[in-house]
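Asks: Structure below; questions to follow.
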Amino acid sequence: MYQCRDLLKGFAYKCIKGSVDVAVSEVVNDSRKITRDCLFICIHGAKFDGHTAAADAVRQGAAVLVVSHDVALPDGADVTVIRVGDTRYAMAFISANYFGNPAEHMKIIGVTGTKGKTTTAYFVKYILERAGYKVGLVGTVETIIGEKVIPSQNTTPESFVLQQYFKEMKEAGCQVVVMEASSQGFKMHRTQGFVFDYGIFTNIEPDHIAPDEHATFEEYLACKAMLFRQCKVGIVNCDDRHWEEITKGHVCALETYGFDEHADLRGSDLKLVTGAGYLGIDFRVSGLMNMEIQTDIPGKFNAYNALTAIAICRHFGVQEQDIQNALLGAKVKGRIEMVKVSKDFTLMIDYAHNAMALESLLVSLREYHPNRLVCLFGCGGNRSKLRRYEMGEVSGRLADLTIITSDNPRFEEPEDIIADIRAGIGKTDGEYIEICDRREAIKYAITHGQKGDIIVLAGKGHEDYQEIRGVKYPMDERVIIQEILDECAADRR
C-alpha cells in the first residue's frame, strides 16, 4: 500500500474532501481498470473525459479521486477528492512518486527537434554502449530496456507509462536513458515529474500544425522550449535560426554545437563520400573535442546528428576512439538505411513520410550527383490529402524518376491515393510510373537500377507491416528485397 500524501509530492493540490492520510493500493488513469482502494486520476482525453466516470469509480471502491473540476459523487461517498489545476500535469508527478522516482537514479537525456531525434538517440546509444554504459532508449520506433523491445505508440509515452519504463530500466541496470522528447509530450505534460540531466535541441521547422496537435508554429516552438526549463544542461544547435528563441528563459547551463565558427563544439571540412553501392560523410570536429569523423550514413543532416551525439557523449567521458568507431558502424533502422544489392547502384530505406522530410532527404542525396535519383513512395490512407499533393510535387521536382506505389492504404482505395500523388507530380516535369503493388514496385526499382543510381524506398522505414482495412499484414522491405534478389539469382541459373 502507498500513502496518498506521499504520492502527491512535487505539485500543488487541494484536498476538498476526505484526507490525504489514506492508504492507496495502486494508481489508475483508465476508468476500465478501477480496483478497490486505488487512486484514480480523471484524465480528459480526446474521446473520453475520466471525470464522467468518477461516480462509478467510487462505487467500485476507489479510495482517492484526482480531479481538475467538480464531479458528481454518490450520496454519502467515502472518498478523498484531490483538486488540481491539470490532471495530466499531476499524473506525471503521481506516477513518478508511485514508481519510486526512478529517473533520479539514472542520467536522463532528452532530445527534441523537428528532425534528427531518432537518429541522434540511436547514435548516442551506440556510442555510450561502446564505452561500457548500459543504456535504455525511448523513441518513435521502439523502447529498449535491456533485451526487451517494445514497439512505440507515441514518440513520448504518457507519463504513467514513461515512469513505468524508467523503473524497469533502473531494475535492468541501465545507467543512462536517451529519449526523444516530442512537442506533444511537453504539451501533454508527459515529461513532468523529473528533470532531464541533458536537454538537446536539434532544429525546428513548421510541423505538427494541426487541430489535434499545435494551433500555430509559435505554440509548437513554445512546447519544444519547455525542455530548457526542465533540464540541468542544455545543448543546442546554434546553426538553427530559432535557437536563441527556443532557449529564451532557460534555467540550465547552455552549450552550443554546429558548423558555425562560434559554436562550442564545431564541425568543419564536411566531405561527401561515395563508393560501390555506398554513401557516407567525413568531417572534422574541433572546440570542446578534436577528432576526425567518418560514418556510412549519408547526408549533411547526418553530420548534424553525429555532431549532436558527440556533444552529448563527451559529458560521459567517452574517448575519441570509441566515438569514432561507434559512428563508423552506426545503423538506424529505417533512417537512410542502406541495403546492399549491387555494386552499380545504391539502395536505401527511409521513413520520410511527409513533404518536409522527403525534400530534406532528396536534396541531400542530390548532392552526391547520382546518375539518377529514383524515389519510390506512397502515402497513408485516411490522412490529409494535402500531404499526398505535397509529396508528389517534391518528388516530381527533385527525383529523376518517381515510382508511385501503395503505403498503408487503411480504409481507402490505393488507386485513389495514387491519383492524389499523381496530381502533385503533375505540377512538375518529373517522370513517374505507377505500380500499385509495393512489392512489384520495389522489384521494378531493383531490376531497372542503372550504374550510379541512388534509389530510395521512402515512407515505410522501420515499419514491418502494411495496414489494409484495419488489418496489419507483414511487410518488411528488407525481407522483400532479399526475396527479390533470391528470385533474380534463381532466374539467372
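In the C-alpha cells, each chain is lettered A, B, ... as it comes, each chain's residues begin at 1, and ligands are numbered from 1 in order of appearance.
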Got a sec: who's within 12 Å of Lys427 in chain A, counting only C-alpha atoms, leaving out chain neighbours fewer than 5 positions off, as a ChimeraX atom specification?

Replies: /A:389-397,420-422

Asks: If you run DSSP on the backbone, which residues of range 222-314 of chain A are strand (DSSP E), as an MDAnalysis selection string?

Replies: chainID A and resid 231:237 253:258 265:275 278:287 291:295

Asks: Contacts of His250 in chain A at 6 Å or less, counting only C-alpha atoms, minus same-chain residues fewer than 3 places along, as JSON, numbers by chain?

Replies: {"A": [228, 229, 247]}

Asks: Fewer than 5 positions away in the same chain doesn't count, so skip those; otherwise give me all residues within 8 Å of Thr274 in chain A, counting only C-alpha atoms, as a ChimeraX atom specification.

Replies: /A:279-280,368

Asks: As a list in words, please: the residues near Tyr198 in chain A (cut-off 9 Å, only C-alpha atoms, same-chain neighbours under 4 positions excluded).

Replies: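 So the residues in contact are Lys107, Ile108, Ile109, Gly110, Val111, Cys231, Lys232, Val233, Gly234, Ile235 and Ile312 of chain A.
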
Asks: Check the smallest atom-to-atom distance from each of A:Ser342, A:Asn302, A:Gln60, A:Thr428 to Leu270 in chain A using only C-alpha atoms, then report the winner.

Replies: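 Selected residue with least distance to Leu270 in chain A: A:Asn302.
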
Asks: Could you find all residues in range 51-165 of chain A that DSSP calls helix (DSSP H, G or I) from the backbone, and write them as a PyMOL selection string?

Replies: chain A and resi 51-59+87-98+102-105+117-130+159-165

Asks: Go ahead and dump the residues you just picked, N, CA and C atoms, as a compact mmCIF listing (two decimals), in the first residue's frame.

Replies:
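Now in result21.txt:
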# COMPACT_ATOMS: atom_id res chain seq x y z
N HIS A 51 -13.50 12.33 -15.83
CA HIS A 51 -14.31 12.93 -14.77
C HIS A 51 -15.74 12.37 -14.78
N THR A 52 -16.21 11.97 -15.97
CA THR A 52 -17.57 11.43 -16.06
C THR A 52 -17.67 10.05 -15.44
N ALA A 53 -16.53 9.42 -15.18
CA ALA A 53 -16.51 8.08 -14.58
C ALA A 53 -16.25 8.12 -13.08
N ALA A 54 -16.20 9.32 -12.50
CA ALA A 54 -15.84 9.45 -11.09
C ALA A 54 -16.80 8.71 -10.17
N ALA A 55 -18.10 8.87 -10.40
CA ALA A 55 -19.09 8.22 -9.54
C ALA A 55 -18.97 6.70 -9.60
N ASP A 56 -18.81 6.16 -10.80
CA ASP A 56 -18.65 4.71 -10.95
C ASP A 56 -17.36 4.24 -10.28
N ALA A 57 -16.31 5.04 -10.38
CA ALA A 57 -15.05 4.68 -9.74
C ALA A 57 -15.23 4.55 -8.23
N VAL A 58 -15.99 5.46 -7.64
CA VAL A 58 -16.24 5.41 -6.20
C VAL A 58 -17.05 4.16 -5.85
N ARG A 59 -18.06 3.86 -6.67
CA ARG A 59 -18.87 2.67 -6.41
C ARG A 59 -18.04 1.39 -6.49
N THR A 87 -4.98 17.63 -14.48
CA THR A 87 -4.76 16.25 -14.02
C THR A 87 -3.63 15.55 -14.78
N ARG A 88 -3.36 15.95 -16.01
CA ARG A 88 -2.22 15.35 -16.72
C ARG A 88 -0.90 15.77 -16.06
N TYR A 89 -0.83 17.03 -15.70
CA TYR A 89 0.36 17.53 -15.00
C TYR A 89 0.53 16.78 -13.68
N ALA A 90 -0.54 16.66 -12.93
CA ALA A 90 -0.48 15.95 -11.65
C ALA A 90 -0.10 14.49 -11.84
N MET A 91 -0.64 13.87 -12.92
CA MET A 91 -0.36 12.46 -13.16
C MET A 91 1.14 12.20 -13.33
N ALA A 92 1.85 13.12 -13.95
CA ALA A 92 3.28 12.93 -14.14
C ALA A 92 4.01 12.81 -12.80
N PHE A 93 3.66 13.66 -11.85
CA PHE A 93 4.31 13.62 -10.53
C PHE A 93 3.83 12.42 -9.72
N ILE A 94 2.53 12.15 -9.78
CA ILE A 94 2.00 10.99 -9.06
C ILE A 94 2.64 9.71 -9.57
N SER A 95 2.79 9.60 -10.89
CA SER A 95 3.40 8.40 -11.48
C SER A 95 4.85 8.26 -11.05
N ALA A 96 5.59 9.37 -11.08
CA ALA A 96 6.99 9.32 -10.65
C ALA A 96 7.09 8.86 -9.20
N ASN A 97 6.25 9.41 -8.34
CA ASN A 97 6.26 9.00 -6.93
C ASN A 97 5.84 7.54 -6.76
N TYR A 98 4.85 7.13 -7.52
CA TYR A 98 4.32 5.77 -7.44
C TYR A 98 5.38 4.73 -7.80
N PRO A 102 12.29 6.74 -10.32
CA PRO A 102 13.46 6.02 -10.87
C PRO A 102 14.41 6.90 -11.66
N ALA A 103 13.92 8.00 -12.25
CA ALA A 103 14.79 8.87 -13.05
C ALA A 103 15.91 9.47 -12.22
N GLU A 104 15.72 9.57 -10.91
CA GLU A 104 16.75 10.13 -10.05
C GLU A 104 17.97 9.23 -9.94
N HIS A 105 17.83 7.98 -10.35
CA HIS A 105 18.92 7.01 -10.23
C HIS A 105 19.65 6.78 -11.54
N LYS A 117 15.78 13.51 -34.24
CA LYS A 117 15.67 12.97 -32.88
C LYS A 117 16.00 11.47 -32.84
N THR A 118 15.39 10.72 -33.75
CA THR A 118 15.56 9.26 -33.73
C THR A 118 17.01 8.87 -34.01
N THR A 119 17.57 9.40 -35.08
CA THR A 119 18.95 9.04 -35.44
C THR A 119 19.91 9.44 -34.33
N THR A 120 19.74 10.65 -33.80
CA THR A 120 20.61 11.11 -32.71
C THR A 120 20.52 10.18 -31.51
N ALA A 121 19.31 9.79 -31.14
CA ALA A 121 19.13 8.92 -29.98
C ALA A 121 19.86 7.59 -30.16
N TYR A 122 19.77 7.01 -31.35
CA TYR A 122 20.46 5.75 -31.60
C TYR A 122 21.97 5.94 -31.63
N PHE A 123 22.42 7.04 -32.22
CA PHE A 123 23.86 7.33 -32.21
C PHE A 123 24.38 7.38 -30.76
N VAL A 124 23.65 8.10 -29.92
CA VAL A 124 24.06 8.22 -28.51
C VAL A 124 24.10 6.84 -27.85
N LYS A 125 23.09 6.04 -28.10
CA LYS A 125 23.04 4.70 -27.51
C LYS A 125 24.25 3.87 -27.96
N TYR A 126 24.53 3.89 -29.25
CA TYR A 126 25.67 3.12 -29.77
C TYR A 126 26.98 3.56 -29.14
N ILE A 127 27.18 4.88 -29.08
CA ILE A 127 28.45 5.39 -28.56
C ILE A 127 28.60 5.04 -27.08
N LEU A 128 27.59 5.30 -26.29
CA LEU A 128 27.69 5.05 -24.85
C LEU A 128 27.82 3.57 -24.55
N GLU A 129 27.14 2.73 -25.28
CA GLU A 129 27.28 1.30 -25.05
C GLU A 129 28.68 0.81 -25.40
N ARG A 130 29.26 1.39 -26.44
CA ARG A 130 30.63 1.00 -26.79
C ARG A 130 31.60 1.42 -25.68
N SER A 159 2.88 9.88 -19.27
CA SER A 159 3.78 9.95 -18.11
C SER A 159 3.76 8.68 -17.26
N PHE A 160 2.59 8.08 -17.09
CA PHE A 160 2.50 6.86 -16.29
C PHE A 160 3.33 5.74 -16.91
N VAL A 161 3.19 5.57 -18.23
CA VAL A 161 3.94 4.54 -18.95
C VAL A 161 5.42 4.86 -18.93
N LEU A 162 5.76 6.13 -19.14
CA LEU A 162 7.16 6.54 -19.15
C LEU A 162 7.83 6.23 -17.82
N GLN A 163 7.17 6.55 -16.72
CA GLN A 163 7.75 6.28 -15.40
C GLN A 163 7.86 4.77 -15.15
N GLN A 164 6.91 4.01 -15.67
CA GLN A 164 7.00 2.55 -15.56
C GLN A 164 8.21 2.03 -16.32
N TYR A 165 8.44 2.59 -17.52
CA TYR A 165 9.63 2.22 -18.29
C TYR A 165 10.90 2.58 -17.53

Asks: Determine, counting only C-alpha atoms, which protein, DNA and RNA residues have an atom within 8 Å of an atom of Val67 in chain A; residues of the same chain fewer than 6 positions away are not included. Present the result as a list of chain:residue names.

Replies: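 The residues that qualify are A:Ile41, A:Cys42, A:Ile43, A:His51, A:Val81, A:Ile82, A:Arg83, A:Val84, A:Asp86, A:Thr87.
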
Asks: So that I have them on file, write out the residues from the current selection with N, CA and C atoms, as a short mmCIF file (atom, residue, chain, number, x, y, z; two decimals), in the first residue's frame.

Replies:
data_model
loop_
_atom_site.label_atom_id
_atom_site.label_comp_id
_atom_site.auth_asym_id
_atom_site.auth_seq_id
_atom_site.Cartn_x
_atom_site.Cartn_y
_atom_site.Cartn_z
N ILE A 41 -7.00 8.87 -11.35
CA ILE A 41 -6.74 10.18 -11.93
C ILE A 41 -7.71 10.39 -13.08
N CYS A 42 -8.54 11.42 -12.99
CA CYS A 42 -9.55 11.70 -14.02
C CYS A 42 -8.90 12.51 -15.15
N ILE A 43 -8.61 11.83 -16.25
CA ILE A 43 -7.95 12.47 -17.38
C ILE A 43 -8.97 12.83 -18.45
N HIS A 51 -13.50 12.33 -15.83
CA HIS A 51 -14.31 12.93 -14.77
C HIS A 51 -15.74 12.37 -14.78
N VAL A 81 -11.05 13.42 -2.31
CA VAL A 81 -11.03 14.10 -3.60
C VAL A 81 -9.94 15.17 -3.58
N ILE A 82 -9.02 15.06 -4.54
CA ILE A 82 -7.90 15.99 -4.67
C ILE A 82 -8.13 16.85 -5.89
N ARG A 83 -8.14 18.16 -5.70
CA ARG A 83 -8.36 19.11 -6.81
C ARG A 83 -7.02 19.68 -7.25
N VAL A 84 -6.78 19.62 -8.57
CA VAL A 84 -5.53 20.14 -9.14
C VAL A 84 -5.86 21.01 -10.35
N ASP A 86 -4.41 20.78 -13.37
CA ASP A 86 -4.38 19.97 -14.60
C ASP A 86 -4.07 18.54 -14.20
N THR A 87 -4.98 17.63 -14.48
CA THR A 87 -4.76 16.25 -14.02
C THR A 87 -3.63 15.55 -14.78
#
